[in-house]
$ cat upload.csv   # CSV, C-alpha atoms and all ligand atoms
chain,number,residue,atom,x,y,z
L,1,MET,CA,-80.1,-172.3,32.2
L,2,CYS,CA,-83.4,-174.0,32.4
L,3,GLN,CA,-83.3,-177.3,30.5
L,4,LYS,CA,-86.5,-179.0,29.3
L,5,ASN,CA,-86.1,-181.8,31.8
L,6,SER,CA,-85.4,-179.8,34.9
L,7,PRO,CA,-88.0,-180.2,37.7
L,8,GLY,CA,-91.1,-178.2,37.0
L,9,PRO,CA,-92.1,-175.1,38.9
L,10,ALA,CA,-93.7,-175.2,42.3
L,11,PHE,CA,-95.5,-172.0,41.4
L,12,ASP,CA,-98.3,-172.5,38.9
L,13,PRO,CA,-99.5,-169.2,37.3
L,14,VAL,CA,-102.9,-170.7,36.5
L,15,ALA,CA,-103.6,-171.6,40.1
L,16,ASP,CA,-101.3,-169.6,42.3
L,17,ILE,CA,-101.4,-166.0,41.1
L,18,PRO,CA,-103.4,-164.1,43.7
L,19,ASP,CA,-106.5,-162.1,42.9
L,20,LEU,CA,-105.3,-159.0,41.0
L,21,SER,CA,-108.6,-157.2,40.6
L,22,GLY,CA,-108.2,-153.5,40.8
L,23,ARG,CA,-104.5,-153.7,40.0
L,24,VAL,CA,-102.8,-152.2,36.9
L,25,ALA,CA,-99.9,-153.9,35.1
L,26,LEU,CA,-97.7,-152.9,32.2
L,27,VAL,CA,-95.9,-155.5,30.1
L,28,THR,CA,-93.5,-154.4,27.4
L,29,GLY,CA,-93.1,-156.4,24.2
L,30,ALA,CA,-96.4,-158.1,25.0
L,31,ASN,CA,-97.7,-158.9,21.5
L,32,CYS,CA,-95.8,-162.2,21.3
L,33,GLY,CA,-93.6,-164.8,23.0
L,34,ILE,CA,-93.2,-164.6,26.8
L,35,GLY,CA,-94.7,-161.1,27.1
L,36,PHE,CA,-97.9,-162.3,25.6
L,37,GLU,CA,-98.1,-165.2,28.0
L,38,ILE,CA,-97.4,-163.0,31.0
L,39,SER,CA,-100.1,-160.5,29.9
L,40,LYS,CA,-102.6,-163.4,29.5
L,41,ARG,CA,-102.0,-164.7,33.0
L,42,LEU,CA,-102.1,-161.3,34.7
L,43,ALA,CA,-105.4,-160.5,32.9
L,44,ALA,CA,-106.8,-163.9,33.8
L,45,ARG,CA,-106.4,-162.9,37.5
L,46,GLY,CA,-108.2,-159.6,37.1
L,47,ALA,CA,-105.4,-157.1,36.5
L,48,HIS,CA,-105.9,-154.3,34.0
L,49,VAL,CA,-103.1,-155.0,31.7
L,50,TYR,CA,-101.5,-152.6,29.3
L,51,LEU,CA,-99.6,-154.2,26.4
L,52,GLY,CA,-96.7,-151.9,25.7
L,53,CYS,CA,-96.1,-152.5,22.0
L,54,ARG,CA,-94.9,-150.5,19.0
L,55,HIS,CA,-97.4,-151.8,16.4
L,56,ALA,CA,-101.1,-151.2,16.7
L,57,GLY,CA,-102.1,-154.2,14.6
L,58,ARG,CA,-99.9,-156.6,16.5
L,59,ALA,CA,-101.1,-155.3,19.8
L,60,ARG,CA,-104.8,-155.5,18.9
L,61,LYS,CA,-104.4,-159.0,17.5
L,62,ALA,CA,-102.6,-160.0,20.8
L,63,ILE,CA,-105.5,-158.5,22.8
L,64,GLU,CA,-108.1,-160.5,20.8
L,65,ASP,CA,-106.0,-163.7,21.0
L,66,ILE,CA,-105.7,-163.3,24.8
L,67,LYS,CA,-109.4,-162.7,25.2
L,68,GLU,CA,-110.3,-165.7,23.0
L,69,ALA,CA,-107.9,-167.9,25.0
L,70,LEU,CA,-109.4,-166.8,28.3
L,71,ARG,CA,-112.9,-167.2,26.9
L,72,GLN,CA,-112.1,-170.8,26.3
L,73,GLU,CA,-110.4,-171.3,29.7
L,74,GLY,CA,-113.4,-169.5,31.3
L,75,GLY,CA,-115.8,-171.9,29.7
L,76,HIS,CA,-113.8,-174.7,31.2
L,77,SER,CA,-113.5,-173.2,34.7
L,78,GLU,CA,-117.2,-172.2,34.8
L,79,LYS,CA,-118.0,-175.9,34.4
L,80,LEU,CA,-116.0,-176.3,37.6
L,81,GLY,CA,-118.1,-173.7,39.3
L,82,GLU,CA,-115.4,-170.9,39.2
L,83,LYS,CA,-116.2,-167.2,38.6
L,84,ARG,CA,-115.5,-165.8,35.1
L,85,VAL,CA,-113.0,-162.9,35.0
L,86,VAL,CA,-113.7,-160.2,32.3
L,87,PRO,CA,-110.2,-159.5,31.0
L,88,GLN,CA,-109.2,-155.8,30.8
L,89,LEU,CA,-106.5,-155.3,28.2
L,90,ASP,CA,-105.4,-152.1,26.5
L,91,TRP,CA,-102.7,-151.2,24.1
L,92,LEU,CA,-100.1,-148.7,25.2
L,93,GLU,CA,-98.2,-147.3,22.2
L,94,LEU,CA,-94.6,-147.8,23.2
L,95,ASP,CA,-91.4,-147.7,21.1
L,96,LEU,CA,-88.4,-148.3,23.4
L,97,ALA,CA,-85.8,-147.6,20.7
L,98,THR,CA,-85.4,-144.0,22.0
L,99,VAL,CA,-85.7,-142.2,25.3
L,100,GLY,CA,-88.4,-140.0,23.7
L,101,GLY,CA,-90.4,-143.0,22.7
L,102,ALA,CA,-90.3,-144.5,26.2
L,103,GLU,CA,-91.2,-141.2,27.8
L,104,ASP,CA,-94.1,-140.6,25.4
L,105,ALA,CA,-95.6,-143.9,26.5
L,106,ALA,CA,-95.0,-143.1,30.2
L,107,ASP,CA,-96.8,-139.8,29.7
L,108,ALA,CA,-99.8,-141.5,28.0
L,109,LEU,CA,-100.0,-144.0,30.9
L,110,LEU,CA,-99.7,-141.3,33.5
L,111,ARG,CA,-102.7,-139.5,31.9
L,112,ARG,CA,-104.8,-142.6,32.0
L,113,GLU,CA,-104.0,-144.3,35.3
L,114,LYS,CA,-103.9,-143.4,39.0
L,115,ARG,CA,-101.9,-146.5,40.0
L,116,LEU,CA,-99.4,-148.9,38.6
L,117,ASP,CA,-98.8,-152.2,40.5
L,118,ILE,CA,-96.6,-154.3,38.2
L,119,ILE,CA,-94.2,-153.5,35.3
L,120,VAL,CA,-92.6,-156.3,33.4
L,121,CYS,CA,-89.8,-155.0,31.2
L,122,ASN,CA,-89.7,-157.8,28.6
L,123,ALA,CA,-89.3,-156.2,25.1
L,124,VAL,CA,-86.1,-157.2,23.3
L,125,ILE,CA,-84.2,-156.8,20.0
L,126,LEU,CA,-81.1,-158.4,18.7
L,127,SER,CA,-80.0,-155.8,16.2
L,128,LYS,CA,-77.9,-157.3,13.4
L,129,LYS,CA,-76.4,-154.0,12.4
L,130,TYR,CA,-74.3,-151.8,14.6
L,131,GLU,CA,-76.1,-148.5,14.7
L,132,LEU,CA,-76.5,-145.6,17.1
L,133,ASN,CA,-80.0,-144.2,17.7
L,134,GLU,CA,-80.9,-140.5,17.9
L,135,ASP,CA,-79.7,-140.4,21.5
L,136,GLY,CA,-76.3,-141.6,20.4
L,137,VAL,CA,-76.8,-145.0,22.0
L,138,GLU,CA,-76.3,-148.4,20.3
L,139,THR,CA,-79.7,-149.7,19.3
L,140,THR,CA,-79.7,-153.1,21.1
L,141,MET,CA,-78.6,-151.4,24.4
L,142,ALA,CA,-81.1,-148.5,23.7
L,143,THR,CA,-84.1,-150.8,23.3
L,144,ASN,CA,-83.3,-153.6,25.8
L,145,TYR,CA,-81.9,-151.5,28.6
L,146,LEU,CA,-82.0,-147.7,28.2
L,147,GLY,CA,-85.6,-147.4,26.9
L,148,HIS,CA,-86.7,-149.4,29.9
L,149,PHE,CA,-84.6,-147.2,32.2
L,150,ALA,CA,-86.3,-144.1,30.8
L,151,LEU,CA,-89.8,-145.7,31.1
L,152,ILE,CA,-89.3,-146.7,34.7
L,153,SER,CA,-87.8,-143.3,35.6
L,154,ALA,CA,-90.8,-141.5,34.1
L,155,LEU,CA,-93.3,-143.8,35.9
L,156,GLU,CA,-91.5,-143.8,39.3
L,157,PRO,CA,-93.8,-141.2,40.8
L,158,LEU,CA,-96.8,-143.3,40.0
L,159,LEU,CA,-95.1,-146.4,41.3
L,160,LEU,CA,-94.2,-144.6,44.6
L,161,HIS,CA,-97.8,-143.3,44.9
L,162,THR,CA,-99.2,-146.8,44.4
L,163,THR,CA,-97.2,-148.1,47.4
L,164,THR,CA,-99.3,-145.7,49.6
L,165,LEU,CA,-102.6,-147.4,48.5
L,166,PRO,CA,-104.2,-150.0,50.7
L,167,ASN,CA,-102.8,-153.6,50.3
L,168,SER,CA,-100.3,-152.4,47.7
L,169,ASP,CA,-97.6,-154.8,46.4
L,170,VAL,CA,-95.7,-153.0,43.7
L,171,ARG,CA,-93.2,-155.0,41.7
L,172,ILE,CA,-90.8,-154.3,38.8
L,173,VAL,CA,-89.6,-157.3,36.8
L,174,MET,CA,-86.7,-156.8,34.4
L,175,MET,CA,-86.2,-159.6,31.8
L,176,THR,CA,-82.5,-160.5,31.5
L,177,SER,CA,-80.8,-163.7,30.3
L,178,ALA,CA,-78.4,-166.3,31.6
L,179,LEU,CA,-76.3,-165.2,28.6
L,180,HIS,CA,-75.4,-162.0,30.4
L,181,THR,CA,-72.7,-164.2,32.1
L,182,LYS,CA,-71.0,-164.5,28.7
L,183,VAL,CA,-69.5,-161.0,28.8
L,184,PRO,CA,-65.8,-160.8,29.5
L,185,SER,CA,-65.2,-160.6,33.3
L,186,ASP,CA,-63.4,-157.2,33.0
L,187,THR,CA,-66.4,-155.6,31.2
L,188,LYS,CA,-67.4,-152.2,32.6
L,189,LEU,CA,-70.6,-150.2,32.0
L,190,HIS,CA,-69.7,-146.9,33.4
L,191,SER,CA,-69.9,-144.4,30.5
L,192,GLN,CA,-72.0,-143.9,27.4
L,193,ALA,CA,-69.0,-145.2,25.4
L,194,ASP,CA,-69.1,-148.4,27.4
L,195,LEU,CA,-72.8,-148.8,26.7
L,196,ASN,CA,-72.0,-148.5,23.0
L,197,ALA,CA,-69.9,-151.6,23.1
L,198,PRO,CA,-66.6,-150.1,22.1
L,199,LYS,CA,-64.3,-153.0,22.7
L,200,ALA,CA,-62.1,-154.2,19.9
L,201,GLN,CA,-64.1,-157.5,19.6
L,202,PHE,CA,-67.2,-155.5,18.9
L,203,LEU,CA,-65.8,-153.0,16.5
L,204,SER,CA,-63.6,-155.4,14.4
L,205,CYS,CA,-66.7,-157.5,13.4
L,206,LYS,CA,-69.5,-155.1,14.4
L,207,ASP,CA,-72.1,-156.4,11.9
L,208,SER,CA,-71.3,-160.1,12.4
L,209,ARG,CA,-73.8,-162.5,14.1
L,210,MET,CA,-71.4,-163.0,17.1
L,211,ALA,CA,-71.1,-159.2,17.5
L,212,CYS,CA,-74.9,-159.0,17.5
L,213,TYR,CA,-75.1,-161.6,20.3
L,214,ARG,CA,-72.4,-159.8,22.3
L,215,ARG,CA,-74.4,-156.6,22.2
L,216,TYR,CA,-77.4,-158.6,23.5
L,217,PHE,CA,-75.3,-160.1,26.3
L,218,LEU,CA,-74.1,-156.6,27.3
L,219,SER,CA,-77.6,-155.2,27.3
L,220,LYS,CA,-78.6,-158.0,29.6
L,221,LEU,CA,-75.7,-157.3,31.9
L,222,ALA,CA,-76.8,-153.7,32.1
L,223,ILE,CA,-80.3,-154.9,33.3
L,224,VAL,CA,-78.7,-157.0,36.1
L,225,LEU,CA,-76.7,-154.0,37.3
L,226,PHE,CA,-79.7,-151.7,37.0
L,227,THR,CA,-81.9,-154.0,39.0
L,228,ARG,CA,-79.5,-154.0,41.9
L,229,CYS,CA,-79.0,-150.3,41.8
L,230,LEU,CA,-82.7,-149.4,41.4
L,231,GLN,CA,-83.6,-151.6,44.4
L,232,ARG,CA,-81.0,-149.9,46.6
L,233,ARG,CA,-82.2,-146.4,45.5
L,234,LEU,CA,-85.9,-147.3,46.1
L,235,ASP,CA,-85.0,-148.8,49.5
L,236,ALA,CA,-83.5,-145.4,50.4
L,237,HIS,CA,-87.1,-144.0,50.4
L,238,GLU,CA,-87.8,-146.3,53.4
L,239,LEU,CA,-91.3,-146.9,52.1
L,240,PRO,CA,-93.7,-148.7,54.5
L,241,ASN,CA,-94.5,-151.1,51.7
L,242,PRO,CA,-91.4,-151.2,49.6
L,243,ILE,CA,-91.2,-151.8,45.8
L,244,ILE,CA,-89.6,-155.1,44.9
L,245,VAL,CA,-87.3,-155.1,41.8
L,246,THR,CA,-86.0,-158.4,40.3
L,247,CYS,CA,-84.4,-159.5,37.1
L,248,VAL,CA,-85.3,-162.8,35.6
L,249,HIS,CA,-83.9,-165.4,33.2
L,250,PRO,CA,-87.0,-167.2,31.9
L,251,GLY,CA,-85.2,-170.3,30.6
L,252,MET,CA,-84.6,-171.2,27.0
L,253,VAL,CA,-87.9,-170.5,25.4
L,254,SER,CA,-89.1,-171.3,21.8
L,255,SER,CA,-90.4,-167.8,21.1
L,256,SER,CA,-90.2,-166.1,17.7
L,257,ASN,CA,-87.0,-164.4,18.9
L,258,MET,CA,-85.4,-167.7,19.6
L,259,LYS,CA,-86.7,-169.4,16.5
L,260,SER,CA,-85.3,-166.7,14.3
L,261,GLN,CA,-81.9,-167.4,15.7
L,262,VAL,CA,-82.0,-171.1,14.7
L,263,PRO,CA,-81.4,-172.1,11.1
L,264,ALA,CA,-84.7,-173.3,9.5
L,265,PRO,CA,-83.8,-177.0,9.1
L,266,PHE,CA,-83.1,-177.2,12.9
L,267,ARG,CA,-86.3,-175.5,14.1
L,268,PRO,CA,-88.3,-178.7,14.4
L,269,LEU,CA,-85.7,-179.8,17.0
L,270,LEU,CA,-86.3,-176.7,19.2
L,271,PRO,CA,-88.9,-178.4,21.5
L,272,LEU,CA,-86.1,-180.9,22.5
L,273,PHE,CA,-84.0,-178.2,24.2
L,274,SER,CA,-86.4,-175.4,24.9
L,275,ILE,CA,-89.6,-174.7,26.8
L,276,SER,CA,-92.8,-173.1,25.6
L,277,PRO,CA,-93.5,-169.3,26.0
L,278,ALA,CA,-96.2,-170.2,28.5
L,279,ARG,CA,-93.6,-172.0,30.7
L,280,GLY,CA,-91.1,-169.2,30.0
L,281,ALA,CA,-93.6,-166.9,31.7
L,282,HIS,CA,-93.6,-168.9,34.9
L,283,THR,CA,-90.5,-167.3,36.5
L,284,PRO,CA,-91.3,-163.7,35.6
L,285,LEU,CA,-94.9,-164.2,36.9
L,286,PHE,CA,-93.5,-165.7,40.1
L,287,ALA,CA,-91.3,-162.5,40.4
L,288,ALA,CA,-94.3,-160.3,39.6
L,289,THR,CA,-97.0,-161.9,41.8
L,290,ALA,CA,-96.0,-164.7,44.1
L,291,PRO,CA,-96.9,-163.9,47.7
L,292,VAL,CA,-93.7,-165.6,48.9
L,293,VAL,CA,-91.6,-163.0,47.1
L,294,ARG,CA,-93.3,-160.3,49.3
L,295,ALA,CA,-93.2,-162.5,52.4
L,296,ARG,CA,-89.4,-163.1,52.0
L,297,ARG,CA,-88.6,-159.8,50.4
L,298,ARG,CA,-85.0,-159.6,51.8
L,299,GLU,CA,-84.2,-162.9,50.0
L,300,PHE,CA,-85.5,-161.7,46.6
L,301,ALA,CA,-85.4,-157.9,46.3
L,302,GLY,CA,-82.7,-156.7,43.8
L,303,GLN,CA,-81.9,-160.3,42.8
L,304,TYR,CA,-81.4,-162.3,39.6
L,305,LEU,CA,-84.0,-165.1,39.5
L,306,VAL,CA,-83.8,-168.2,37.3
L,307,PRO,CA,-86.4,-171.0,36.8
L,308,TRP,CA,-88.3,-171.7,38.8
L,309,GLY,CA,-87.9,-168.7,41.1
L,310,LYS,CA,-84.5,-169.5,42.5
L,311,VAL,CA,-81.9,-166.8,43.1
L,312,GLY,CA,-79.2,-167.3,40.4
L,313,LYS,CA,-75.5,-166.4,40.2
L,314,VAL,CA,-74.7,-163.2,38.3
L,315,ALA,CA,-71.8,-162.6,35.8
L,316,LYS,CA,-68.3,-162.2,37.1
L,317,ALA,CA,-68.4,-158.7,35.5
L,318,ALA,CA,-71.2,-157.8,38.0
L,319,ASP,CA,-69.1,-158.8,41.1
L,320,GLY,CA,-68.2,-155.7,43.1
L,321,GLU,CA,-70.2,-153.5,40.7
L,322,ASP,CA,-73.1,-151.8,42.3
L,323,GLY,CA,-74.5,-150.3,39.1
L,324,GLU,CA,-74.2,-146.7,40.4
L,325,ALA,CA,-71.9,-145.6,37.5
L,326,LEU,CA,-74.3,-147.1,35.0
L,327,PHE,CA,-77.3,-145.5,36.6
L,328,ARG,CA,-75.7,-142.1,36.7
L,329,THR,CA,-74.7,-142.4,33.0
L,330,SER,CA,-78.2,-143.5,32.1
L,331,GLU,CA,-79.7,-140.5,34.0
L,332,ASP,CA,-77.3,-138.2,32.0
L,333,ILE,CA,-78.3,-139.6,28.7
L,334,VAL,CA,-82.0,-139.4,29.6
L,335,ARG,CA,-81.6,-135.8,30.8
L,336,SER,CA,-80.0,-134.8,27.5
L,337,SER,CA,-82.5,-136.7,25.3
L,338,GLY,CA,-86.3,-137.1,25.3
L,339,ARG,CA,-88.0,-134.6,27.7
L,340,GLY,CA,-84.8,-133.1,28.8
L,341,ARG,CA,-84.0,-132.0,25.2
L,342,GLN,CA,-87.5,-130.5,24.8
L,343,ARG,CA,-87.0,-128.2,27.9
L,401,LIG,N1,-86.6,-166.7,24.3
L,401,LIG,C1,-85.6,-167.1,25.1
L,401,LIG,O1,-85.1,-168.2,25.1
L,401,LIG,C2,-85.1,-166.1,26.2
L,401,LIG,C3,-84.0,-166.5,26.9
L,401,LIG,C4,-83.5,-165.6,27.9
L,401,LIG,C5,-84.1,-164.4,28.1
L,401,LIG,N2,-85.1,-164.0,27.3
L,401,LIG,C6,-85.7,-162.7,27.5
L,401,LIG,O2,-87.1,-162.8,27.6
L,401,LIG,C7,-87.7,-161.6,27.0
L,401,LIG,C8,-88.8,-162.0,26.0
L,401,LIG,O3,-88.2,-162.8,25.0
L,401,LIG,P1,-89.0,-163.5,23.8
L,401,LIG,O4,-88.1,-164.5,23.3
L,401,LIG,O5,-90.4,-163.8,24.3
L,401,LIG,O6,-89.0,-162.2,22.8
L,401,LIG,P2,-89.8,-162.0,21.4
L,401,LIG,O7,-90.8,-163.1,21.2
L,401,LIG,O8,-88.8,-161.7,20.3
L,401,LIG,O9,-90.6,-160.7,21.7
L,401,LIG,C9,-90.0,-159.5,21.7
L,401,LIG,C10,-91.0,-158.4,21.9
L,401,LIG,O10,-90.3,-157.2,22.1
L,401,LIG,C11,-90.9,-156.2,21.2
L,401,LIG,N3,-90.0,-155.1,20.8
L,401,LIG,C12,-88.9,-155.2,20.1
L,401,LIG,N4,-88.5,-153.9,19.9
L,401,LIG,C13,-89.3,-153.1,20.5
L,401,LIG,C14,-89.3,-151.6,20.6
L,401,LIG,N5,-88.5,-150.8,20.1
L,401,LIG,N6,-90.3,-151.1,21.4
L,401,LIG,C15,-91.3,-151.9,22.0
L,401,LIG,N7,-91.3,-153.2,21.8
L,401,LIG,C16,-90.3,-153.8,21.1
L,401,LIG,C17,-91.4,-157.0,20.0
L,401,LIG,O11,-92.3,-156.3,19.3
L,401,LIG,P3,-92.5,-156.5,17.7
L,401,LIG,O12,-93.4,-157.7,17.5
L,401,LIG,O13,-93.1,-155.2,17.3
L,401,LIG,O14,-91.1,-156.7,17.1
L,401,LIG,C18,-91.9,-158.2,20.7
L,401,LIG,O15,-93.2,-158.0,21.2
L,401,LIG,C19,-86.6,-160.8,26.4
L,401,LIG,O16,-86.2,-159.8,27.3
L,401,LIG,C20,-85.5,-161.8,26.3
L,401,LIG,O17,-84.2,-161.2,26.4
L,401,LIG,C21,-85.6,-164.9,26.3
$ encode --input "upload.csv" --output "structure tokens"
Amino acid sequence: MCQKNSPGPAFDPVADIPDLSGRVALVTGANCGIGFEISKRLAARGAHVYLGCRHAGRARKAIEDIKEALRQEGGHSEKLGEKRVVPQLDWLELDLATVGGAEDAADALLRREKRLDIIVCNAVILSKKYELNEDGVETTMATNYLGHFALISALEPLLLHTTTLPNSDVRIVMMTSALHTKVPSDTKLHSQADLNAPKAQFLSCKDSRMACYRRYFLSKLAIVLFTRCLQRRLDAHELPNPIIVTCVHPGMVSSSNMKSQVPAPFRPLLPLFSISPARGAHTPLFAATAPVVRARRREFAGQYLVPWGKVGKVAKAADGEDGEALFRTSEDIVRSSGRGRQR
């Protein structure tokens, strides 16, 4: 885990993100927390950023807030003689809670864009109640993992097409958490039943706070396995300019998500053991844009990154698991839900 006093990042998003003019990025859960900061920095370097959010009002406010923040930064950099970037930000309506919601958003983006250079799958929930969604999937797993699986699957043709464009550098960044290592070492994610957290410890106390965290840990393990498997499958295309997939633990970040988990009297203490959302955005932005990741692709592709861009150690439960069984199960659920069901 990233502690507040660990050495700072060598990669500075304000100074080190290359020019992204002409590139298109999608950030899920972008209206607050780390996703907001990621979107801001990508837009600051000229990318056309889609904020994938479920609430129009929150998305529009985030867009205005980012524009205002960049206006203020722009004023400062103009004084230093730097060129002002006009931020391009749009709302993409996206509800990841179901396969259909993710696919609708992908369809809308496919209608609007001819390229997609960066996806940051950042949105998250910690569902307090144990519930299955309309696809029969537990809601934490559905939002944090399966919705993103469906979104990427639907956008894959556009991502592959983008690799054929001049100077392409297509990257997929999946947000996970160091807490994925908290799952029992014998955890398997092979079937839909496994995704729904069937183990006794989940069922016996399925609406308790601990059970809610365990479902979160499991969804973040799914993301680690998916990252590895997706990279291997994309590599099989033998693209001249391959897509790089990584998953990232951003550090302990004082976002609204984190604050809501801490009892109110202790919230003033949060800055002592957590970093700001802006700093939490460093490692995902490194994964999404740092030239060194492309230059040393073999070192980073398919890997789990921790602050500040180091390859981390994955959970014991991921040892020897290649994620194929999870991937096939996810494909089956997607096929029998969303677009598949409409056929
Ligand atoms: N904060 C940490 O310490 C920490 C540590 C490790 C990993 N991470 C990871 O970093 C990422 C960002 O965390 P954060 O703390 O910045 O989160 P956050 O502030 O709670 O933001 C979560 C975002 O996800 C969105 N979201 C929730 N359900 C959604 C749905 N069904 N469809 C679309 N969007 C949805 C939320 O939108 P609404 O506003 O509409 O709810 C919000 O924009 C997460 O993947 C998290 O697991 C965070």
$ closest_residue --input "upload.csv" --among "L:Asp169, L:Asp95, L:Glu299, L:Glu138" --to "ligand LIG 401 (chain L)" --atoms "all atoms listed in the file"
L:Asp95
$ residues_near_ligand --input "upload.csv" --ligand "ligand LIG 401 (chain L)" --cutoff "8 Å" --atoms "only C-alpha atoms and all ligand atoms" --output "PyMOL selection string"
chain L and resi 28-36+52-55+58+94-98+121-125+143-144+174-179+216+220+248-258+274+277+280
$ residues_around --input "upload.csv" --residues "L:Gly312" --least-positions-apart "2" --cutoff "10 Å" --atoms "all atoms listed in the file" --output "PyMOL selection string"
chain L and resi 1+178+247-249+303-307+309-310+314-315
$ residues_around --input "upload.csv" --residues "L:Asp322" --least-positions-apart "6" --cutoff "8 Å" --atoms "only C-alpha atoms" --output "list in words"
Leu225, Arg228 and Cys229 of chain L
$ atom_distance --input "upload.csv" --atom1 "atom CA of L:Glu103" --atom2 "atom CA of L:Arg335"
11.4 Å
$ closest_residue --input "upload.csv" --among "L:Arg214, L:Lys61, L:Ile244, L:Leu155" --to "L:Val292" --atoms "only C-alpha atoms"
L:Ile244
$ build_atoms --input "upload.csv" --residues "stretch 19-31 of chain L" --atoms "N, CA, C and O atoms" --output "compact mmCIF listing (two decimals), in the coordinates of the input"
# COMPACT_ATOMS: atom_id res chain seq x y z
N ASP L 19 -105.50 -162.94 43.52
CA ASP L 19 -106.50 -162.10 42.90
C ASP L 19 -105.84 -160.70 42.59
O ASP L 19 -105.33 -160.06 43.51
N LEU L 20 -105.87 -160.26 41.33
CA LEU L 20 -105.30 -159.00 41.00
C LEU L 20 -106.31 -157.93 40.61
O LEU L 20 -105.99 -156.91 39.99
N SER L 21 -107.56 -158.17 40.98
CA SER L 21 -108.60 -157.20 40.60
C SER L 21 -108.27 -155.84 41.19
O SER L 21 -107.82 -155.71 42.34
N GLY L 22 -108.48 -154.83 40.35
CA GLY L 22 -108.20 -153.50 40.80
C GLY L 22 -106.77 -153.05 40.57
O GLY L 22 -106.41 -151.88 40.74
N ARG L 23 -105.90 -153.98 40.21
CA ARG L 23 -104.50 -153.70 40.00
C ARG L 23 -104.20 -153.36 38.55
O ARG L 23 -104.91 -153.85 37.66
N VAL L 24 -103.16 -152.58 38.32
CA VAL L 24 -102.80 -152.20 36.90
C VAL L 24 -101.38 -152.71 36.66
O VAL L 24 -100.48 -152.58 37.50
N ALA L 25 -101.24 -153.31 35.48
CA ALA L 25 -99.90 -153.90 35.10
C ALA L 25 -99.55 -153.36 33.70
O ALA L 25 -100.42 -153.11 32.87
N LEU L 26 -98.25 -153.22 33.48
CA LEU L 26 -97.70 -152.90 32.20
C LEU L 26 -96.70 -153.95 31.77
O LEU L 26 -95.78 -154.24 32.56
N VAL L 27 -96.87 -154.53 30.59
CA VAL L 27 -95.90 -155.50 30.10
C VAL L 27 -95.38 -155.01 28.76
O VAL L 27 -96.15 -154.74 27.83
N THR L 28 -94.07 -154.86 28.65
CA THR L 28 -93.50 -154.40 27.40
C THR L 28 -93.23 -155.55 26.46
O THR L 28 -92.95 -156.66 26.92
N GLY L 29 -93.33 -155.30 25.14
CA GLY L 29 -93.10 -156.40 24.20
C GLY L 29 -94.11 -157.50 24.40
O GLY L 29 -93.75 -158.68 24.43
N ALA L 30 -95.39 -157.13 24.54
CA ALA L 30 -96.40 -158.10 25.00
C ALA L 30 -97.16 -158.75 23.85
O ALA L 30 -98.03 -159.57 24.10
N ASN L 31 -96.84 -158.39 22.60
CA ASN L 31 -97.70 -158.90 21.50
C ASN L 31 -97.28 -160.34 21.08
O ASN L 31 -97.98 -160.93 20.26
